[in-house]
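*Asks:* The structure's right below; bear with me while I get my questions together.
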Amino acid sequence: MHILELPSFFPPHGGLFCLEQAKALKAIGHEVRIVSIVELGISRDRKFYLTAPWREERRELEGVEVFSYYMRAVPKAVRYNISRWVSLCQKAVDRYVQRFGKPDVLHAHCCKSAGLAAKEISMRLGIPFFITEHIPSGFYEHDFGRGWQRHVWLKEKMRQTYGAATCVIPVSRELVDDVAPYFGKAYHFQPVSNVIDTDFFTFRERKSLDNRPFTFCCPAVADIYRKGYDVLSDAIAYLPAGVELHIVGQGTDSRAMQKLFADKTNVHLHGHLDKVAVRDLLWQSDALVLPSRSEAQPLVILEALATGIPVVTTECVPLSLRVPNACLIAPIGDACALAERMQEVMHIAPSRAFSDEVRRMASPAVIANELSQLFLL
């Protein structure tokens, strides 16, 4: 099967979930490539806004051919930027079809913006399109206000796109209910997990705790409210002396984060780390903590479990991620309860069984086969 992947986000702005699925699908024999439109912001991207390639960038990432285009967004012009994104994607796919022929399937990641483009391209080429949805309601509330008070036209456009898709593939069943106030449920959907590279994130025995502190890690971007860092800062004060916390992710070394944890000498803010460094941190940690207020399917939980360590998180995390005896759940926004769960998890030893469970539910081969069955609809 010839599959063209269309991510709404791609490096340097995340989106590697698309690459992982593309690799998995290619590994079981499909012809798979990626066409990415990367939206750059003049304040967020600064120097790269000017220095990014102006023409198509063709490269190979981990065995997958990728065609990237960089779009300079106009500040605060949401309607214009989305329209331009869709138009640029259509032109990029036209160029792709001239080279490789018409794909059998379009696979968009996130309805905003790739899903919108896939709908238009699907109609013109006469091929089915699928949308893997990763984005929770908290993302939209951040961008468009609680209850989606701004840019209502976009909400309606996305609702229509969900309805037109052959299948919407939420990364968790709970995500359907989470975004239902915006998009309803009048569309065909089938949940499928994201891929975890279970050959990379593998089990490793931890060193004895006799001569070292218990170590928590928290790999998450510096969205202080949505990721619950304010709650985590309060919870740390309730933990026994000597416990360490390492926080990594884009922006986690920012001034705002430094201020939030200023009086916590046992908290270490690392900023962005690459995939290898994140795995090394997981191997050096005894448990992961993720105090989020909103999540679709936090891959860091599966990555941590795949290395064998237990997890403390909140009620916003999908049931499918809550591996028995490995995941402790606290109410959202409750620092005391979070601290209690963190103390409880300190009595759970790392286990190869946690890693084996992730392999059964989210390994590349498992997810590639599930997606393949859907694409044959």
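Going through the structure tokens in order, the chains are called A, B, and so on, while each chain numbers its residues from 1 and the ligands are numbered from 1 in the order shown.
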Give me, as number ranges by chain, all polymer residues having an atom no more than 6 Å from stretch 166-176 of chain A, counting only C-alpha atoms and skipping those fewer than 5 positions away in the same chain.
*Replies:* A: 129-134, 188-193, 296
*Asks:* Please report, as a ChimeraX atom specification, each residue of stretch 129-175 of chain A to which DSSP assigns strand (DSSP E) when run on this structure's backbone.
*Replies:* /A:129-133,167-170
*Asks:* Identify, on the basis of only C-alpha atoms, every residue whose closest approach to stretch 34-49 of chain A does not exceed 9 Å; exclude the query and any residue fewer than 6 positions from it along the same chain; express the result as a ChimeraX atom specification.
*Replies:* /A:3-13,18-19,22,64-75,81,85-86,88-89,92-93,96,114
*Asks:* Take atom CA of A:Val231 and atom CA of A:Leu338 and report the distance between them in Å, one decimal.
*Replies:* 8.1 Å
*Asks:* Give me, as a list of chain:residue names, all polymer residues having an atom no more than 10 Å from stretch 265-276 of chain A, counting only C-alpha atoms and skipping those fewer than 6 positions away in the same chain.
*Replies:*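 Counting only C-alpha atoms, the residues come to A:Phe200, A:Phe201, A:Thr215, A:Phe216, A:Cys217, A:Cys218, A:Pro219, A:Ala220, A:Val221, A:Ala222, A:Ser233, A:Ile236, A:Ala241, A:Gly242, A:Val243, A:Glu244, A:Leu245, A:His246, A:Ile247, A:Val248, A:Gly249, A:Gln250, A:Gly251, A:Thr252, A:Asp253, A:Ser254, A:Met257, A:Gln258, A:Leu282.
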*Asks:* Skipping near chain neighbours, those fewer than 4 positions away, what residues fall within 10 Å of A:Tyr187 using only C-alpha atoms, listed as a list in words?
*Replies:*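 Final neighbour list, sorted by chain and number: Arg159, Gln160, Thr161, Tyr162, Gly163, Ala164, Ala165, Thr166, Cys167, Val168 and Phe183 of chain A.
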*Asks:* With N, CA and C atoms retained, write the just-selected residues as a PDB file, in the first residue's frame.
*Replies:*
```pdb
ATOM      1  N   ARG A 159     -15.035  20.217  12.375  1.00  0.00           N
ATOM      2  CA  ARG A 159     -16.156  19.297  12.570  1.00  0.00           C
ATOM      3  C   ARG A 159     -16.545  18.644  11.233  1.00  0.00           C
ATOM      4  N   GLN A 160     -16.610  19.449  10.175  1.00  0.00           N
ATOM      5  CA  GLN A 160     -16.947  18.921   8.853  1.00  0.00           C
ATOM      6  C   GLN A 160     -15.876  17.962   8.345  1.00  0.00           C
ATOM      7  N   THR A 161     -14.620  18.265   8.656  1.00  0.00           N
ATOM      8  CA  THR A 161     -13.516  17.414   8.210  1.00  0.00           C
ATOM      9  C   THR A 161     -13.550  16.065   8.905  1.00  0.00           C
ATOM     10  N   TYR A 162     -13.825  16.047  10.206  1.00  0.00           N
ATOM     11  CA  TYR A 162     -13.997  14.774  10.911  1.00  0.00           C
ATOM     12  C   TYR A 162     -15.074  13.931  10.242  1.00  0.00           C
ATOM     13  N   GLY A 163     -16.190  14.563   9.897  1.00  0.00           N
ATOM     14  CA  GLY A 163     -17.289  13.836   9.287  1.00  0.00           C
ATOM     15  C   GLY A 163     -16.962  13.278   7.917  1.00  0.00           C
ATOM     16  N   ALA A 164     -16.072  13.951   7.186  1.00  0.00           N
ATOM     17  CA  ALA A 164     -15.721  13.526   5.831  1.00  0.00           C
ATOM     18  C   ALA A 164     -14.645  12.448   5.805  1.00  0.00           C
ATOM     19  N   ALA A 165     -13.883  12.300   6.883  1.00  0.00           N
ATOM     20  CA  ALA A 165     -12.783  11.329   6.914  1.00  0.00           C
ATOM     21  C   ALA A 165     -13.312   9.902   6.853  1.00  0.00           C
ATOM     22  N   THR A 166     -12.572   9.033   6.196  1.00  0.00           N
ATOM     23  CA  THR A 166     -12.927   7.615   6.189  1.00  0.00           C
ATOM     24  C   THR A 166     -12.946   7.080   7.619  1.00  0.00           C
ATOM     25  N   CYS A 167     -11.974   7.503   8.407  1.00  0.00           N
ATOM     26  CA  CYS A 167     -11.937   7.137   9.816  1.00  0.00           C
ATOM     27  C   CYS A 167     -11.065   8.137  10.569  1.00  0.00           C
ATOM     28  N   VAL A 168     -11.532   8.545  11.734  1.00  0.00           N
ATOM     29  CA  VAL A 168     -10.709   9.332  12.651  1.00  0.00           C
ATOM     30  C   VAL A 168     -10.097   8.363  13.652  1.00  0.00           C
ATOM     31  N   PHE A 183     -16.525  19.124  18.624  1.00  0.00           N
ATOM     32  CA  PHE A 183     -16.671  18.461  17.329  1.00  0.00           C
ATOM     33  C   PHE A 183     -17.769  17.401  17.293  1.00  0.00           C
TER      34      PHE A 183
END
```
*Asks:* Quick one: residues within 7 Å of A:Ile329, only C-alpha atoms, excluding same-chain residues fewer than 3 positions away - as JSON, numbers by chain?
*Replies:* {"A": [312, 313, 314, 315]}
*Asks:* What does the file look like for those residues with C-alpha atoms, as a PDB file, in the first residue's frame?
*Replies:*
```pdb
ATOM      1  CA  VAL A 312       2.591   8.870  39.022  1.00  0.00           C
ATOM      2  CA  THR A 313       0.120  10.930  37.010  1.00  0.00           C
ATOM      3  CA  THR A 314      -3.396  12.385  37.126  1.00  0.00           C
ATOM      4  CA  GLU A 315      -6.952  11.479  36.217  1.00  0.00           C
TER       5      GLU A 315
END
```
*Asks:* What are the closest atom pairs, with distances in Å to one decimal, for all residues of stretch 2-119 of chain A lying within 9 Å of stretch 145-156 of chain A? Consider only C-alpha atoms, order rows by chain and residue number, and present the result as JSON lines.
*Replies:*
```
{"residue": "A:Val78", "atom": "CA", "partner": "A:His151", "partner_atom": "CA", "distance": 8.0}
{"residue": "A:Arg79", "atom": "CA", "partner": "A:Leu154", "partner_atom": "CA", "distance": 8.0}
{"residue": "A:Lys112", "atom": "CA", "partner": "A:Leu154", "partner_atom": "CA", "distance": 8.8}
```
*Asks:* Residues as selected, N, CA and C atoms, written as a PDB file, in the first residue's frame, can you do that?
*Replies:*
```
ATOM      1  N   VAL A  78      -4.838  34.060  12.048  1.00  0.00           N
ATOM      2  CA  VAL A  78      -5.126  32.624  12.104  1.00  0.00           C
ATOM      3  C   VAL A  78      -5.774  32.131  10.817  1.00  0.00           C
ATOM      4  N   ARG A  79      -6.818  32.820  10.359  1.00  0.00           N
ATOM      5  CA  ARG A  79      -7.517  32.363   9.158  1.00  0.00           C
ATOM      6  C   ARG A  79      -6.591  32.366   7.944  1.00  0.00           C
ATOM      7  N   LYS A 112      -6.190  19.848  12.655  1.00  0.00           N
ATOM      8  CA  LYS A 112      -5.661  21.195  12.455  1.00  0.00           C
ATOM      9  C   LYS A 112      -4.150  21.075  12.298  1.00  0.00           C
TER      10      LYS A 112
END
```
*Asks:* Wanna dump the stretch 223-336 of chain A-stretch 139-144 of chain A contacts at 12 Å for me, each residue with its shortest atom pair and the distance in Å to one decimal, counting only C-alpha atoms, ordered by chain and number, as a tab-separated table?
*Replies:*
```
residue	atom	partner	partner_atom	distance
A:Asp223	CA	A:His142	CA	10.2
A:Ile224	CA	A:His142	CA	11.9
A:Tyr225	CA	A:His142	CA	9.9
A:Arg226	CA	A:Phe139	CA	8.5
A:Lys227	CA	A:Phe139	CA	11.2
A:Arg293	CA	A:Phe139	CA	11.0
A:Ser294	CA	A:Phe139	CA	8.3
A:Glu295	CA	A:Phe139	CA	9.0
A:Ala296	CA	A:Phe139	CA	9.9
```
*Asks:* Please measure the separation of atom CA of A:Arg55 and atom CA of A:Arg33, giving the value in Å to one decimal.
*Replies:*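 Atom CA of A:Arg55 sits 18.2 Å away from atom CA of A:Arg33.
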*Asks:* Given the choices A:Lys264, A:Lys91, A:Arg359, A:Arg204, which gets closest to A:Ser285 if the distance is worked out from only C-alpha atoms?
*Replies:*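 The answer is A:Arg204, which sits nearest to A:Ser285.
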*Asks:* Would you mind listing what lies within 8 Å of A:Val311 as an mmCIF file with all heavy atoms, in the first residue's frame, with only C-alpha atoms counted and same-chain residues fewer than 5 positions away left out?
*Replies:*
```cif
data_model
loop_
_atom_site.group_PDB
_atom_site.id
_atom_site.type_symbol
_atom_site.label_atom_id
_atom_site.label_comp_id
_atom_site.auth_asym_id
_atom_site.auth_seq_id
_atom_site.Cartn_x
_atom_site.Cartn_y
_atom_site.Cartn_z
ATOM 1 N N ALA A 287 11.257 6.574 39.043
ATOM 2 C CA ALA A 287 9.833 6.739 38.747
ATOM 3 C C ALA A 287 9.656 8.012 37.933
ATOM 4 O O ALA A 287 10.499 8.926 37.968
ATOM 5 C CB ALA A 287 8.999 6.823 40.023
ATOM 6 N N LEU A 288 8.554 8.074 37.206
ATOM 7 C CA LEU A 288 8.194 9.271 36.443
ATOM 8 C C LEU A 288 6.987 9.919 37.101
ATOM 9 O O LEU A 288 6.087 9.221 37.593
ATOM 10 C CB LEU A 288 7.878 8.909 34.993
ATOM 11 C CG LEU A 288 7.426 10.061 34.073
ATOM 12 C CD1 LEU A 288 8.034 9.918 32.687
ATOM 13 C CD2 LEU A 288 5.891 10.106 33.956
ATOM 14 N N VAL A 289 6.942 11.252 37.096
ATOM 15 C CA VAL A 289 5.778 11.976 37.579
ATOM 16 C C VAL A 289 5.310 12.928 36.487
ATOM 17 O O VAL A 289 6.122 13.628 35.874
ATOM 18 C CB VAL A 289 6.081 12.740 38.895
ATOM 19 C CG1 VAL A 289 7.250 13.705 38.734
ATOM 20 C CG2 VAL A 289 4.836 13.470 39.393
ATOM 21 N N LEU A 290 4.016 12.935 36.210
ATOM 22 C CA LEU A 290 3.434 13.805 35.189
ATOM 23 C C LEU A 290 2.118 14.360 35.746
ATOM 24 O O LEU A 290 1.086 13.687 35.686
ATOM 25 C CB LEU A 290 3.195 13.041 33.887
ATOM 26 C CG LEU A 290 2.759 13.895 32.697
ATOM 27 C CD1 LEU A 290 3.901 14.791 32.220
ATOM 28 C CD2 LEU A 290 2.267 13.024 31.554
ATOM 29 N N ILE A 301 4.800 8.593 29.331
ATOM 30 C CA ILE A 301 4.385 7.547 30.271
ATOM 31 C C ILE A 301 4.721 6.173 29.709
ATOM 32 O O ILE A 301 5.291 5.316 30.397
ATOM 33 C CB ILE A 301 2.881 7.672 30.586
ATOM 34 C CG1 ILE A 301 2.636 8.897 31.469
ATOM 35 C CG2 ILE A 301 2.358 6.399 31.266
ATOM 36 C CD1 ILE A 301 1.189 9.100 31.840
ATOM 37 N N ALA A 304 8.503 5.669 29.743
ATOM 38 C CA ALA A 304 9.000 5.355 31.085
ATOM 39 C C ALA A 304 8.691 3.908 31.460
ATOM 40 O O ALA A 304 9.563 3.178 31.949
ATOM 41 C CB ALA A 304 8.380 6.315 32.102
ATOM 42 N N LEU A 305 7.449 3.495 31.221
ATOM 43 C CA LEU A 305 7.070 2.108 31.516
ATOM 44 C C LEU A 305 7.905 1.130 30.706
ATOM 45 O O LEU A 305 8.267 0.050 31.195
ATOM 46 C CB LEU A 305 5.584 1.905 31.227
ATOM 47 C CG LEU A 305 4.603 2.642 32.155
ATOM 48 C CD1 LEU A 305 3.193 2.563 31.587
ATOM 49 C CD2 LEU A 305 4.642 2.055 33.562
ATOM 50 N N ALA A 326 1.539 -0.356 38.119
ATOM 51 C CA ALA A 326 2.642 0.480 37.644
ATOM 52 C C ALA A 326 2.281 1.954 37.596
ATOM 53 O O ALA A 326 3.174 2.806 37.573
ATOM 54 C CB ALA A 326 3.082 0.027 36.256
ATOM 55 N N CYS A 327 0.984 2.280 37.563
ATOM 56 C CA CYS A 327 0.544 3.674 37.422
ATOM 57 C C CYS A 327 -0.321 4.070 38.611
ATOM 58 O O CYS A 327 -1.375 3.460 38.849
ATOM 59 C CB CYS A 327 -0.243 3.861 36.128
ATOM 60 S SG CYS A 327 0.726 3.628 34.640
ATOM 61 N N LEU A 328 0.108 5.083 39.336
ATOM 62 C CA LEU A 328 -0.659 5.622 40.450
ATOM 63 C C LEU A 328 -1.279 6.946 40.019
ATOM 64 O O LEU A 328 -0.603 7.784 39.416
ATOM 65 C CB LEU A 328 0.238 5.831 41.670
ATOM 66 C CG LEU A 328 0.959 4.574 42.187
ATOM 67 C CD1 LEU A 328 1.717 4.895 43.472
ATOM 68 C CD2 LEU A 328 -0.014 3.432 42.416
ATOM 69 N N VAL A 345 4.717 5.512 45.292
ATOM 70 C CA VAL A 345 5.449 4.902 44.175
ATOM 71 C C VAL A 345 6.895 4.599 44.548
ATOM 72 O O VAL A 345 7.547 3.767 43.901
ATOM 73 C CB VAL A 345 5.375 5.811 42.925
ATOM 74 C CG1 VAL A 345 6.485 6.851 42.913
ATOM 75 C CG2 VAL A 345 5.424 4.989 41.643
#
```
*Asks:* Run DSSP on the backbone and tell me which residues of stretch 120-345 of chain A come out as alpha helix (DSSP H); list them as number ranges by chain.
*Replies:* A: 120-125, 137-144, 152-164, 173-183, 229-236, 255-260, 275-284, 299-306, 335-345
*Asks:* Take atom CA of A:Ala235 and atom CA of A:Ala337 and report the distance between them in Å, one decimal.
*Replies:*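 Interatomic distance here is 8.2 Å.
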